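Shown below: structure-v7.cif, with mmCIF, C-alpha atoms and all ligand atoms.
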```cif
data_work
#
loop_
_atom_site.label_atom_id
_atom_site.label_comp_id
_atom_site.auth_asym_id
_atom_site.auth_seq_id
_atom_site.Cartn_x
_atom_site.Cartn_y
_atom_site.Cartn_z
CA MET A 1 143.30 88.29 143.30
CA GLU A 2 140.15 89.18 145.09
CA GLU A 3 137.18 90.79 143.57
CA THR A 4 133.64 91.44 144.61
CA LEU A 5 130.60 91.81 142.40
CA ILE A 6 127.12 92.64 143.52
CA ILE A 7 123.75 91.23 142.55
CA GLN A 8 121.05 93.64 143.61
CA SER A 9 117.78 91.89 144.31
CA HIS A 10 114.27 93.31 144.19
CA GLN A 11 114.11 93.41 147.98
CA ALA A 12 117.09 95.57 148.80
CA ASN A 13 118.94 92.51 150.08
CA GLN A 14 121.82 91.72 147.84
CA SER A 15 124.31 89.05 146.94
CA GLU A 16 128.01 89.71 146.75
CA ILE A 17 130.24 87.40 144.74
CA ALA A 18 133.92 87.11 145.64
CA PHE A 19 136.65 85.22 143.76
CA ALA A 20 139.68 84.27 145.81
CA SER A 21 142.49 81.78 146.21
CA ASP A 22 142.38 81.46 150.02
CA TRP A 23 139.84 81.62 152.85
CA ARG A 24 141.04 84.73 154.64
CA GLY A 25 138.64 87.03 152.79
CA LEU A 26 135.72 84.78 153.70
CA GLY A 27 136.55 84.96 157.41
CA GLU A 28 136.96 88.72 157.21
CA TRP A 29 133.71 89.26 155.32
CA ILE A 30 131.75 87.16 157.81
CA GLY A 31 133.52 88.89 160.72
CA LEU A 32 132.18 92.19 159.40
CA HIS A 33 128.64 90.97 158.72
CA ALA A 34 127.68 88.48 161.45
CA GLN A 35 128.21 87.68 165.10
CA ALA A 36 127.47 83.98 164.86
CA VAL A 37 127.56 81.29 162.18
CA TRP A 38 126.29 77.77 161.65
CA VAL A 39 128.34 75.72 159.22
CA ILE A 40 127.12 72.82 157.10
CA TYR A 41 129.47 71.13 154.66
CA ASP A 42 129.83 68.25 152.24
CA ARG A 43 132.30 65.72 153.67
CA SER A 44 133.96 65.44 150.25
CA VAL A 45 135.51 68.83 151.02
CA GLU A 46 136.51 68.18 154.62
CA ASP A 47 139.90 69.95 154.23
CA ALA A 48 138.36 73.11 152.85
CA ALA A 49 135.71 73.08 155.60
CA HIS A 50 138.39 72.79 158.30
CA ALA A 51 140.36 75.64 156.75
CA ILE A 52 137.21 77.79 156.60
CA VAL A 53 136.35 77.08 160.24
CA GLY A 54 139.95 78.09 161.04
CA ALA A 55 139.47 81.37 159.17
CA LEU A 56 136.25 81.99 161.13
CA LYS A 57 137.98 81.29 164.43
CA ASP A 58 140.72 83.75 163.45
CA GLN A 59 138.02 86.41 163.39
CA SER A 60 136.63 85.32 166.79
CA ILE A 61 133.23 84.64 165.25
CA ARG A 62 130.88 82.56 167.42
CA ILE A 63 130.44 79.15 165.82
CA LEU A 64 127.08 77.63 166.77
CA GLY A 65 127.60 74.31 165.01
CA VAL A 66 129.76 72.59 162.39
CA HIS A 67 128.12 69.67 160.59
CA GLY A 68 129.71 67.54 157.89
CA LEU A 69 127.57 65.13 155.92
CA ALA A 70 127.77 62.64 153.10
CA VAL A 71 125.90 64.22 150.22
CA ASP A 72 123.84 62.90 147.39
CA GLU A 73 120.68 64.15 145.71
CA THR A 74 118.49 62.52 148.42
CA LEU A 75 119.64 65.30 150.78
CA LYS A 76 117.35 67.63 148.82
CA SER A 77 114.16 66.27 150.39
CA LEU A 78 111.47 67.37 152.82
CA HIS A 79 112.48 64.43 154.95
CA SER A 80 116.04 65.64 155.46
CA LEU A 81 114.85 69.21 156.00
CA ALA A 82 112.63 67.88 158.77
CA THR A 83 115.63 66.25 160.42
CA TRP A 84 117.84 69.37 160.14
CA TYR A 85 115.44 72.08 161.38
CA PRO A 86 115.51 70.74 164.97
CA THR A 87 119.33 70.80 164.87
CA LEU A 88 119.22 74.48 163.95
CA VAL A 89 117.01 75.13 166.98
CA GLU A 90 119.13 72.98 169.32
CA ASP A 91 122.33 74.68 168.16
CA GLY A 92 120.79 78.06 169.04
CA VAL A 93 120.61 79.49 165.52
CA THR A 94 118.68 82.75 165.76
CA ARG A 95 117.70 85.37 163.20
CA ASP A 96 120.97 87.24 163.38
CA ALA A 97 123.09 84.13 162.68
CA LEU A 98 124.39 83.21 159.26
CA ILE A 99 124.37 79.76 157.65
CA VAL A 100 127.60 78.91 155.82
CA ALA A 101 127.05 76.19 153.19
CA ILE A 102 130.17 74.51 151.79
CA GLY A 103 129.71 72.01 148.96
CA GLY A 104 128.31 71.36 145.51
CA GLY A 105 124.93 72.34 144.13
CA VAL A 106 123.08 69.75 146.20
CA LEU A 107 124.41 71.12 149.49
CA THR A 108 123.93 74.78 148.50
CA ASP A 109 120.39 74.19 147.17
CA PHE A 110 119.49 72.34 150.38
CA ALA A 111 121.13 74.68 152.90
CA GLY A 112 119.89 77.70 150.94
CA TYR A 113 116.32 76.46 151.20
CA ALA A 114 116.78 75.71 154.91
CA ALA A 115 118.00 79.32 155.31
CA ALA A 116 115.05 80.62 153.26
CA SER A 117 112.47 78.83 155.37
CA TYR A 118 113.91 78.66 158.91
CA LEU A 119 112.60 81.53 161.08
CA ARG A 120 110.97 82.98 157.93
CA GLY A 121 114.36 83.32 156.33
CA ILE A 122 117.85 83.95 157.69
CA ARG A 123 121.00 85.00 155.85
CA TRP A 124 123.36 82.48 154.28
CA VAL A 125 126.70 82.32 152.53
CA ALA A 126 127.45 79.86 149.71
CA VAL A 127 130.91 78.38 149.28
CA PRO A 128 130.49 76.34 146.09
CA THR A 129 132.99 73.52 145.63
CA THR A 130 132.06 71.95 142.28
CA LEU A 131 132.43 73.51 138.85
CA LEU A 132 128.64 73.37 138.36
CA ALA A 133 128.00 75.12 141.67
CA GLN A 134 130.65 77.78 140.97
CA VAL A 135 129.34 78.76 137.55
CA ASP A 136 125.65 78.06 138.06
CA ALA A 137 123.94 76.52 141.10
CA SER A 138 125.19 78.85 143.84
CA ILE A 139 124.51 82.02 141.83
CA GLY A 140 121.11 83.60 141.47
CA GLY A 141 119.29 82.67 144.65
CA LYS A 142 117.22 79.72 143.42
CA VAL A 143 117.16 77.25 146.31
CA ALA A 144 115.07 74.11 146.50
CA VAL A 145 114.40 70.57 147.55
CA ASN A 146 112.80 67.80 145.49
CA LEU A 147 109.50 65.94 145.73
CA PRO A 148 109.02 62.36 144.53
CA GLN A 149 106.95 63.99 141.76
CA GLY A 150 109.84 66.08 140.44
CA LYS A 151 113.03 68.01 141.07
CA ASN A 152 113.14 71.41 142.79
CA LEU A 153 109.36 71.58 143.31
CA ILE A 154 109.64 73.11 146.79
CA GLY A 155 111.84 76.17 146.74
CA ALA A 156 112.36 79.89 146.99
CA PHE A 157 114.34 82.80 145.61
CA HIS A 158 116.70 83.52 148.50
CA LEU A 159 119.97 85.11 147.48
CA PRO A 160 123.00 84.17 149.54
CA SER A 161 124.52 87.30 151.11
CA LEU A 162 127.89 86.17 149.76
CA VAL A 163 129.02 83.59 147.20
CA TYR A 164 132.69 82.89 147.86
CA ILE A 165 134.36 81.14 144.92
CA ASN A 166 137.82 79.67 145.44
CA PRO A 167 138.38 77.41 142.42
CA SER A 168 142.13 76.87 142.81
CA THR A 169 141.70 75.31 146.27
CA THR A 170 138.43 73.46 145.87
CA LEU A 171 138.53 72.05 142.35
CA LYS A 172 141.83 70.22 142.74
CA SER A 173 139.96 67.24 144.15
CA LEU A 174 137.06 67.30 141.67
CA PRO A 175 136.86 64.04 139.69
CA LEU A 176 136.63 64.09 135.91
CA TYR A 177 132.93 63.38 136.09
CA GLY A 178 132.43 66.50 138.22
CA TRP A 179 134.22 68.64 135.64
CA GLN A 180 132.08 67.24 132.85
CA THR A 181 128.87 68.00 134.73
CA GLY A 182 129.81 71.67 134.94
CA LEU A 183 131.11 71.96 131.40
CA GLY A 184 127.64 71.63 129.88
CA GLU A 185 126.82 74.98 131.54
CA VAL A 186 130.11 76.54 130.39
CA VAL A 187 129.34 75.67 126.77
CA LYS A 188 125.75 76.88 127.14
CA SER A 189 126.93 80.17 128.63
CA ALA A 190 129.48 80.70 125.86
CA LEU A 191 126.72 80.24 123.28
CA ILE A 192 124.22 82.63 124.81
CA GLU A 193 126.88 85.23 125.62
CA GLY A 194 128.87 85.04 122.39
CA GLY A 195 131.55 87.44 123.68
CA ALA A 196 134.56 86.99 125.96
CA LEU A 197 133.88 83.36 126.92
CA TRP A 198 133.08 82.26 123.38
CA LYS A 199 136.30 83.88 122.12
CA LEU A 200 138.40 82.47 124.95
CA LEU A 201 137.26 78.92 124.17
CA LEU A 202 137.73 79.46 120.43
CA GLU A 203 141.34 80.42 121.16
CA GLY A 204 141.98 77.07 122.81
CA LEU A 205 140.37 74.79 125.36
CA PRO A 206 141.91 74.38 128.80
CA PRO A 207 142.65 70.68 129.37
CA LEU A 208 140.11 68.76 131.36
CA GLY A 209 140.71 68.17 135.06
CA GLN A 210 143.87 70.27 135.48
CA MET A 211 143.18 73.34 137.55
CA ASN A 212 145.09 76.32 136.15
CA ASP A 213 144.78 80.05 135.42
CA ARG A 214 142.86 79.48 132.21
CA TRP A 215 140.21 77.53 134.07
CA GLU A 216 140.01 80.26 136.69
CA THR A 217 139.31 82.74 133.91
CA VAL A 218 136.69 80.45 132.36
CA ILE A 219 134.97 80.03 135.73
CA ARG A 220 135.05 83.73 136.47
CA ILE A 221 133.58 84.73 133.10
CA THR A 222 130.94 81.98 133.17
CA ALA A 223 129.87 82.99 136.68
CA GLN A 224 129.83 86.62 135.54
CA ILE A 225 127.48 85.77 132.65
CA LYS A 226 124.98 84.29 135.08
CA ILE A 227 125.41 87.20 137.50
CA ASP A 228 124.70 89.69 134.72
CA VAL A 229 121.58 87.87 133.55
CA VAL A 230 120.24 87.39 137.08
CA ASN A 231 120.97 91.03 137.93
CA ARG A 232 118.67 92.07 135.14
CA ASP A 233 116.00 89.41 135.75
CA LEU A 234 116.11 87.75 139.17
CA GLU A 235 112.70 86.08 139.02
CA GLU A 236 112.87 84.73 135.47
CA LYS A 237 110.28 87.06 134.01
CA GLY A 238 112.41 87.72 130.96
CA GLU A 239 115.92 86.94 129.82
CA ARG A 240 116.83 84.54 132.67
CA ILE A 241 115.01 81.98 130.58
CA PHE A 242 117.95 82.08 128.11
CA LEU A 243 120.00 80.23 130.74
CA ASN A 244 117.81 77.26 129.85
CA PHE A 245 119.45 76.97 126.43
CA GLY A 246 119.86 73.25 125.66
CA HIS A 247 117.88 72.33 128.77
CA THR A 248 114.48 71.47 127.30
CA LEU A 249 115.78 68.34 125.64
CA ALA A 250 118.34 67.78 128.43
CA HIS A 251 115.64 67.46 131.09
CA ALA A 252 113.71 65.01 128.92
CA ILE A 253 116.85 62.91 128.30
CA GLU A 254 117.59 62.79 132.05
CA GLN A 255 114.05 61.67 132.72
CA VAL A 256 113.84 59.06 129.96
CA ALA A 257 117.22 57.59 130.88
CA GLY A 258 116.38 57.67 134.61
CA TYR A 259 118.08 60.21 136.88
CA GLY A 260 121.75 59.45 137.42
CA GLN A 261 122.19 57.55 134.14
CA TRP A 262 123.08 60.72 132.26
CA SER A 263 124.80 63.47 134.21
CA HIS A 264 123.18 66.88 133.84
CA GLY A 265 126.25 68.11 131.93
CA GLN A 266 126.09 65.22 129.47
CA ALA A 267 122.40 65.88 128.85
CA VAL A 268 123.00 69.64 128.41
CA ALA A 269 125.79 68.88 125.93
CA VAL A 270 123.47 66.89 123.66
CA GLY A 271 120.57 69.26 124.35
CA SER A 272 122.74 72.16 123.15
CA LEU A 273 123.63 70.37 119.89
CA PHE A 274 119.91 69.70 119.38
CA ALA A 275 119.09 73.39 119.90
CA LEU A 276 121.91 74.37 117.51
CA TYR A 277 120.53 72.07 114.82
CA LEU A 278 117.05 73.62 115.23
CA SER A 279 118.68 77.06 115.11
CA GLU A 280 120.35 76.27 111.77
CA ARG A 281 117.13 75.06 110.23
CA HIS A 282 114.79 77.65 111.74
CA LEU A 283 116.95 80.76 112.08
CA GLY A 284 119.76 80.19 109.62
CA LEU A 285 122.49 79.86 112.29
CA ASP A 286 125.93 79.24 110.74
CA ARG A 287 126.62 75.45 110.73
CA GLU A 288 130.16 76.15 111.83
CA VAL A 289 128.89 76.90 115.36
CA ARG A 290 127.58 73.36 115.82
CA ARG A 291 130.75 71.91 114.34
CA VAL A 292 132.94 73.89 116.76
CA VAL A 293 130.81 73.08 119.80
CA SER A 294 130.72 69.43 118.88
CA THR A 295 134.54 69.40 118.74
CA TRP A 296 134.78 71.02 122.19
CA LEU A 297 132.35 68.53 123.69
CA GLY A 298 134.24 65.62 122.17
CA ARG A 299 137.57 66.91 123.54
CA TRP A 300 136.09 67.25 127.02
CA GLY A 301 134.70 63.72 126.86
CA LEU A 302 131.08 64.85 126.69
CA PRO A 303 128.62 63.04 124.42
CA THR A 304 127.75 64.43 121.01
CA SER A 305 125.10 61.90 120.08
CA LEU A 306 122.11 60.11 121.53
CA PRO A 307 121.26 56.43 121.30
CA SER A 308 118.40 56.22 118.81
CA ILE A 309 115.29 57.48 120.53
CA ASP A 310 111.81 57.91 119.13
CA TYR A 311 110.34 61.42 119.34
CA ALA A 312 107.05 59.81 120.43
CA VAL A 313 108.81 58.73 123.66
CA LEU A 314 110.10 62.22 124.38
CA GLU A 315 107.02 64.19 123.43
CA PRO A 316 104.86 63.45 126.49
CA ILE A 317 107.79 64.36 128.73
CA LEU A 318 108.48 67.58 126.85
CA MET A 319 104.78 68.46 127.03
CA HIS A 320 104.60 67.72 130.76
CA ASP A 321 105.57 71.27 131.59
CA LYS A 322 102.49 73.38 132.36
CA LYS A 323 103.64 76.26 130.17
CA ALA A 324 104.17 73.85 127.28
CA ARG A 325 100.62 72.54 127.63
CA LEU A 326 99.18 76.05 127.50
CA SER A 327 101.19 77.64 124.74
CA GLY A 328 103.00 74.84 122.94
CA LEU A 329 106.64 73.87 123.35
CA GLN A 330 109.10 76.72 123.71
CA TRP A 331 112.70 76.46 122.59
CA ILE A 332 115.65 78.72 123.25
CA LEU A 333 117.47 78.97 119.92
CA LEU A 334 120.33 81.07 118.58
CA GLU A 335 120.47 83.46 115.68
CA ARG A 336 124.20 83.62 116.35
CA PRO A 337 126.38 83.21 119.46
CA GLY A 338 125.26 86.01 121.77
CA LYS A 339 121.80 86.32 120.22
CA PRO A 340 119.41 83.82 121.85
CA VAL A 341 115.69 83.93 121.06
CA VAL A 342 112.62 82.12 122.36
CA VAL A 343 110.74 80.24 119.65
CA SER A 344 107.50 78.26 119.81
CA GLY A 345 105.38 76.40 117.31
CA LEU A 346 108.18 74.42 115.66
CA PRO A 347 106.74 71.66 113.44
CA ARG A 348 106.99 68.15 114.80
CA SER A 349 108.75 67.03 111.63
CA LEU A 350 111.63 69.44 112.36
CA LEU A 351 111.97 68.16 115.95
CA GLU A 352 112.08 64.59 114.62
CA GLU A 353 114.68 65.57 112.06
CA ALA A 354 116.87 67.25 114.74
CA LEU A 355 116.62 64.16 116.92
CA ALA A 356 117.59 61.91 114.01
CA ALA A 357 120.60 64.18 113.36
CA LEU A 358 121.87 63.35 116.87
CA SER A 359 121.86 59.59 116.52
N1 LIG A 401 119.97 76.58 142.27
C1 LIG A 401 120.27 76.59 140.99
O1 LIG A 401 120.14 77.60 140.29
C2 LIG A 401 120.81 75.33 140.39
C3 LIG A 401 121.34 75.34 139.09
C4 LIG A 401 121.90 74.17 138.60
C5 LIG A 401 121.89 73.02 139.36
N2 LIG A 401 121.35 73.03 140.61
C6 LIG A 401 121.35 71.83 141.45
O2 LIG A 401 122.69 71.48 141.72
C7 LIG A 401 122.72 70.07 142.02
C8 LIG A 401 123.93 69.45 141.35
O3 LIG A 401 125.10 70.10 141.79
P1 LIG A 401 126.54 69.43 141.66
O4 LIG A 401 126.76 68.96 140.28
O5 LIG A 401 127.49 70.38 142.28
O6 LIG A 401 126.37 68.09 142.50
P2 LIG A 401 126.73 67.65 144.00
O7 LIG A 401 126.53 68.74 144.96
O8 LIG A 401 126.00 66.37 144.22
O9 LIG A 401 128.28 67.34 143.88
C9 LIG A 401 128.70 66.27 143.06
C10 LIG A 401 129.57 65.28 143.84
O10 LIG A 401 130.84 65.88 144.09
C11 LIG A 401 131.15 65.85 145.49
N3 LIG A 401 131.98 67.05 145.69
C12 LIG A 401 131.59 68.32 145.95
N4 LIG A 401 132.65 69.14 145.93
C13 LIG A 401 133.74 68.38 145.65
C14 LIG A 401 135.12 68.66 145.48
N5 LIG A 401 135.60 69.90 145.53
N6 LIG A 401 135.95 67.62 145.22
C15 LIG A 401 135.48 66.35 145.11
N7 LIG A 401 134.18 66.03 145.23
C16 LIG A 401 133.32 67.04 145.50
C17 LIG A 401 129.81 65.78 146.17
O11 LIG A 401 129.92 65.16 147.44
C18 LIG A 401 129.01 64.91 145.21
O12 LIG A 401 129.31 63.54 145.44
C19 LIG A 401 121.41 69.49 141.57
O13 LIG A 401 120.63 69.17 142.69
C20 LIG A 401 120.76 70.62 140.79
O14 LIG A 401 119.34 70.61 140.88
C21 LIG A 401 120.82 74.16 141.13
ZN ZN A 402 121.79 73.20 133.88
#
```
Will you turn the file into structure tokens for me?
Ligand SMILES: NC(=O)c1ccc[n+]([C@@H]2O[C@H](COP(=O)([O-])OP(=O)(O)OC[C@H]3O[C@@H](n4cnc5c(N)ncnc54)[C@H](O)[C@@H]3O)[C@@H](O)[C@H]2O)c1
Ligand SMILES: [Zn+2]
Amino acid sequence: MEETLIIQSHQANQSEIAFASDWRGLGEWIGLHAQAVWVIYDRSVEDAAHAIVGALKDQSIRILGVHGLAVDETLKSLHSLATWYPTLVEDGVTRDALIVAIGGGVLTDFAGYAAASYLRGIRWVAVPTTLLAQVDASIGGKVAVNLPQGKNLIGAFHLPSLVYINPSTTLKSLPLYGWQTGLGEVVKSALIEGGALWKLLLEGLPPLGQMNDRWETVIRITAQIKIDVVNRDLEEKGERIFLNFGHTLAHAIEQVAGYGQWSHGQAVAVGSLFALYLSERHLGLDREVRRVVSTWLGRWGLPTSLPSIDYAVLEPILMHDKKARLSGLQWILLERPGKPVVVSGLPRSLLEEALAALS
């Protein structure tokens, strides 16, 4: 079951997305497109990385370096970039080489930004190994590292030449927590798409943590939703903003709680319920949508409420965004599943009411 989809970027370079259940296709694709590769991988997926290097060797591709590392969010820093650039030089990585990044969103964001900036940009391939990276982080070419002042402040749009998604092999080892982090995005995507994914989940939820065909379908459709949106709006000048559904409150929750206290998926879960409540009150969204989503979240062990929190604590964080300061807070709301809209100027009393409804 192999399939390739294409994201066409504004600069004639393009991103192909392949879904597969082995690594042979990855080796073959790279054999056709590059002479030499440099591999960087998350040590949590050592077995997959070894198998991939084997598939590259089968194609007689020159391997300039293979580096496994322990990964956490601190990898996404200027400091670690500064320690890795010299390795790229010492390993002889030149403009015609390809970086192969194997890991979750942290590794692909980091390696993707290294590829975007080294030698004014070289090609890279993403092999995402977490649910979040397979349905979100590795798709769409946003790559970045963090500053102490905030996440993803130094970055670029640099599409990977190939995103190679092999859920059946990689997700077997993903802990429950890793599944939950990605599920926030699955629910968000179902809401903004309102079609195949929404219907599939309505028909019955695949059980958490057990990789099977239903999950493969969910991952494929969720990834496809992001591909379609990014295809139409790579640089977030229009509809790509809809992918931020549930994220305005989610980012504030993550910040108030302190990063790492709430996973991104947990925060997106509650942020989505908040946006659904606002949608009911402001746009007349059917209440049944929030009830259904809340049931899904509960079944997947994601939170459906917030510890009591005063809007006055959240407001300065929500307003921190430059756009918010200029034009007031913007919210992505839903008229119905599949019909997201951007709304601004919501009264403070409504935001307070929606927050109270979550506690
Ligand atoms: N570029 C984008 O568009 C975009 C979008 C969303 C998120 N992100 C970024 O993605 C990052 C989060 O990604 P993430 O949730 O994948 O986190 P992550 O990369 O930190 O992975 C989570 C944990 O799982 C481990 N891991 C990875 N693959 C595994 C596997 N198959 N089995 C077992 N363990 C595995 C990792 O070592 C890590 O400990 C954040 O930095 C976020 O900013 C980027
Ligand atoms: Zn997200």
message: If I take CA of Ala51 (chain A) and CA of Asn166 (chain A), how far is one from the other in Å, to one decimal?
response: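 According to the coordinates, CA of Ala51 (chain A) and CA of Asn166 (chain A) are separated by 12.3 Å.
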From A:Thr108, A:Asn146, A:Ser173, A:Thr248, residue lying nearest ligand ZN 402 (chain A) [all atoms listed in the file]: A:Thr248
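Interatomic distance, CA of Gln149 (chain A) against atom O1 of ligand LIG 401 (chain A): 19.0 Å.
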Region 70-104 of chain A residues near region 249-270 of chain A within 12 Å, closest pair each, using only C-alpha atoms, as CSV:
```
residue,atom,partner,partner_atom,distance
A:Asp72,CA,A:Gly260,CA,10.8
A:Glu73,CA,A:Gly260,CA,9.6
A:Thr74,CA,A:Tyr259,CA,11.8
```
Per-residue nearest contacts of chain A to ligand LIG 401 (chain A) (8 Å; only C-alpha atoms and all ligand atoms) as JSON lines:
```
{"residue": "A:Asp42", "atom": "CA", "partner": "A:LIG401", "partner_atom": "O11", "distance": 5.7}
{"residue": "A:Arg43", "atom": "CA", "partner": "A:LIG401", "partner_atom": "O11", "distance": 6.7}
{"residue": "A:Ser44", "atom": "CA", "partner": "A:LIG401", "partner_atom": "O11", "distance": 4.9}
{"residue": "A:Val45", "atom": "CA", "partner": "A:LIG401", "partner_atom": "C14", "distance": 5.6}
{"residue": "A:Ala70", "atom": "CA", "partner": "A:LIG401", "partner_atom": "O11", "distance": 6.6}
{"residue": "A:Val71", "atom": "CA", "partner": "A:LIG401", "partner_atom": "O11", "distance": 5.0}
{"residue": "A:Asp72", "atom": "CA", "partner": "A:LIG401", "partner_atom": "O8", "distance": 5.2}
{"residue": "A:Glu73", "atom": "CA", "partner": "A:LIG401", "partner_atom": "O13", "distance": 5.9}
{"residue": "A:Lys76", "atom": "CA", "partner": "A:LIG401", "partner_atom": "O13", "distance": 7.1}
{"residue": "A:Gly103", "atom": "CA", "partner": "A:LIG401", "partner_atom": "N4", "distance": 5.1}
{"residue": "A:Gly104", "atom": "CA", "partner": "A:LIG401", "partner_atom": "O7", "distance": 3.2}
{"residue": "A:Gly105", "atom": "CA", "partner": "A:LIG401", "partner_atom": "O3", "distance": 3.2}
{"residue": "A:Val106", "atom": "CA", "partner": "A:LIG401", "partner_atom": "O7", "distance": 3.8}
{"residue": "A:Leu107", "atom": "CA", "partner": "A:LIG401", "partner_atom": "O7", "distance": 5.5}
{"residue": "A:Thr108", "atom": "CA", "partner": "A:LIG401", "partner_atom": "O7", "distance": 7.5}
{"residue": "A:Asp109", "atom": "CA", "partner": "A:LIG401", "partner_atom": "N1", "distance": 5.5}
{"residue": "A:Pro128", "atom": "CA", "partner": "A:LIG401", "partner_atom": "N4", "distance": 7.5}
{"residue": "A:Thr129", "atom": "CA", "partner": "A:LIG401", "partner_atom": "N4", "distance": 4.4}
{"residue": "A:Thr130", "atom": "CA", "partner": "A:LIG401", "partner_atom": "N4", "distance": 4.6}
{"residue": "A:Leu131", "atom": "CA", "partner": "A:LIG401", "partner_atom": "O5", "distance": 6.8}
{"residue": "A:Leu132", "atom": "CA", "partner": "A:LIG401", "partner_atom": "O5", "distance": 5.1}
{"residue": "A:Ala133", "atom": "CA", "partner": "A:LIG401", "partner_atom": "O5", "distance": 4.8}
{"residue": "A:Asp136", "atom": "CA", "partner": "A:LIG401", "partner_atom": "C3", "distance": 5.2}
{"residue": "A:Ala137", "atom": "CA", "partner": "A:LIG401", "partner_atom": "C2", "distance": 3.4}
{"residue": "A:Ser138", "atom": "CA", "partner": "A:LIG401", "partner_atom": "N1", "distance": 5.9}
{"residue": "A:Ile139", "atom": "CA", "partner": "A:LIG401", "partner_atom": "O1", "distance": 6.4}
{"residue": "A:Gly140", "atom": "CA", "partner": "A:LIG401", "partner_atom": "O1", "distance": 6.2}
{"residue": "A:Gly141", "atom": "CA", "partner": "A:LIG401", "partner_atom": "N1", "distance": 6.6}
{"residue": "A:Lys142", "atom": "CA", "partner": "A:LIG401", "partner_atom": "N1", "distance": 4.3}
{"residue": "A:Val143", "atom": "CA", "partner": "A:LIG401", "partner_atom": "N1", "distance": 5.0}
{"residue": "A:Ala144", "atom": "CA", "partner": "A:LIG401", "partner_atom": "N1", "distance": 6.9}
{"residue": "A:Lys151", "atom": "CA", "partner": "A:LIG401", "partner_atom": "O14", "distance": 6.8}
{"residue": "A:Asn152", "atom": "CA", "partner": "A:LIG401", "partner_atom": "O14", "distance": 6.5}
{"residue": "A:Thr170", "atom": "CA", "partner": "A:LIG401", "partner_atom": "N5", "distance": 4.6}
{"residue": "A:Leu171", "atom": "CA", "partner": "A:LIG401", "partner_atom": "N5", "distance": 4.8}
{"residue": "A:Lys172", "atom": "CA", "partner": "A:LIG401", "partner_atom": "N5", "distance": 6.8}
{"residue": "A:Ser173", "atom": "CA", "partner": "A:LIG401", "partner_atom": "N6", "distance": 4.2}
{"residue": "A:Leu174", "atom": "CA", "partner": "A:LIG401", "partner_atom": "N6", "distance": 3.7}
{"residue": "A:Pro175", "atom": "CA", "partner": "A:LIG401", "partner_atom": "C15", "distance": 6.1}
{"residue": "A:Gly178", "atom": "CA", "partner": "A:LIG401", "partner_atom": "O10", "distance": 6.1}
{"residue": "A:Thr181", "atom": "CA", "partner": "A:LIG401", "partner_atom": "O4", "distance": 6.0}
{"residue": "A:Gly182", "atom": "CA", "partner": "A:LIG401", "partner_atom": "O4", "distance": 6.7}
{"residue": "A:His264", "atom": "CA", "partner": "A:LIG401", "partner_atom": "O4", "distance": 7.7}
```
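Nearest residue to ligand ZN 402 (chain A) among A:Glu46, A:Glu3, A:Glu28, A:Glu185 is A:Glu185, counting all atoms listed in the file.
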field: A:Gly194, A:Gly246, A:Gly25, A:Pro167 ranked by distance to ligand ZN 402 (chain A), top pick (using only C-alpha atoms and all ligand atoms)
entry: A:Gly246
Show me as an mmCIF file with C-alpha atoms, in the coordinates of the input the residues that reach within 9 Å of (126.1, 75.1, 161.4), counting only C-alpha atoms and using the file's own coordinates.
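The new file out29.cif reads:
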```cif
data_model
loop_
_atom_site.group_PDB
_atom_site.id
_atom_site.type_symbol
_atom_site.label_atom_id
_atom_site.label_comp_id
_atom_site.auth_asym_id
_atom_site.auth_seq_id
_atom_site.Cartn_x
_atom_site.Cartn_y
_atom_site.Cartn_z
ATOM 1 C CA VAL A 37 127.560 81.290 162.180
ATOM 2 C CA TRP A 38 126.290 77.770 161.650
ATOM 3 C CA VAL A 39 128.340 75.720 159.220
ATOM 4 C CA ILE A 40 127.120 72.820 157.100
ATOM 5 C CA TYR A 41 129.470 71.130 154.660
ATOM 6 C CA ILE A 63 130.440 79.150 165.820
ATOM 7 C CA LEU A 64 127.080 77.630 166.770
ATOM 8 C CA GLY A 65 127.600 74.310 165.010
ATOM 9 C CA VAL A 66 129.760 72.590 162.390
ATOM 10 C CA HIS A 67 128.120 69.670 160.590
ATOM 11 C CA THR A 87 119.330 70.800 164.870
ATOM 12 C CA LEU A 88 119.220 74.480 163.950
ATOM 13 C CA ASP A 91 122.330 74.680 168.160
ATOM 14 C CA VAL A 93 120.610 79.490 165.520
ATOM 15 C CA LEU A 98 124.390 83.210 159.260
ATOM 16 C CA ILE A 99 124.370 79.760 157.650
ATOM 17 C CA VAL A 100 127.600 78.910 155.820
ATOM 18 C CA ALA A 101 127.050 76.190 153.190
#
```
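Of the listed residues (A:Leu306, A:Leu200, A:Ala114, A:Ile241), A:Ile241 comes nearest to ligand ZN 402 (chain A); the distances count only C-alpha atoms and all ligand atoms.
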Among the residues A:Ile227, A:Leu78, A:Val186, A:Ala356, the one that comes closest to Leu201 (chain A) [using all atoms listed in the file]: A:Val186
Best match for closeness to Thr4 (chain A) among A:Val89, A:Ile122, A:Ile165, A:Leu202, counting all atoms listed in the file: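 Of the candidates, the smallest distance to Thr4 (chain A) is held by A:Ile165.
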task: Name all residues at most 10 Å from Ile30 (chain A) (count only C-alpha atoms; drop same-chain ones fewer than 6 positions away) and give them as a list in words.
output: Ala36, Val37, Ala55, Leu56, Gln59, Ile61, Leu98, Val100, Val125, Ser161 and Leu162 of chain A
Could you take the residues named above and write them with C-alpha atoms, as a tab-separated table (two decimals), in the coordinates of the input?
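And here's out-v9.tsv as it stands now:
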```
chain	number	residue	atom	x	y	z
A	36	ALA	CA	127.47	83.98	164.86
A	37	VAL	CA	127.56	81.29	162.18
A	55	ALA	CA	139.47	81.37	159.17
A	56	LEU	CA	136.25	81.99	161.13
A	59	GLN	CA	138.02	86.41	163.39
A	61	ILE	CA	133.23	84.64	165.25
A	98	LEU	CA	124.39	83.21	159.26
A	100	VAL	CA	127.60	78.91	155.82
A	125	VAL	CA	126.70	82.32	152.53
A	161	SER	CA	124.52	87.30	151.11
A	162	LEU	CA	127.89	86.17	149.76
```
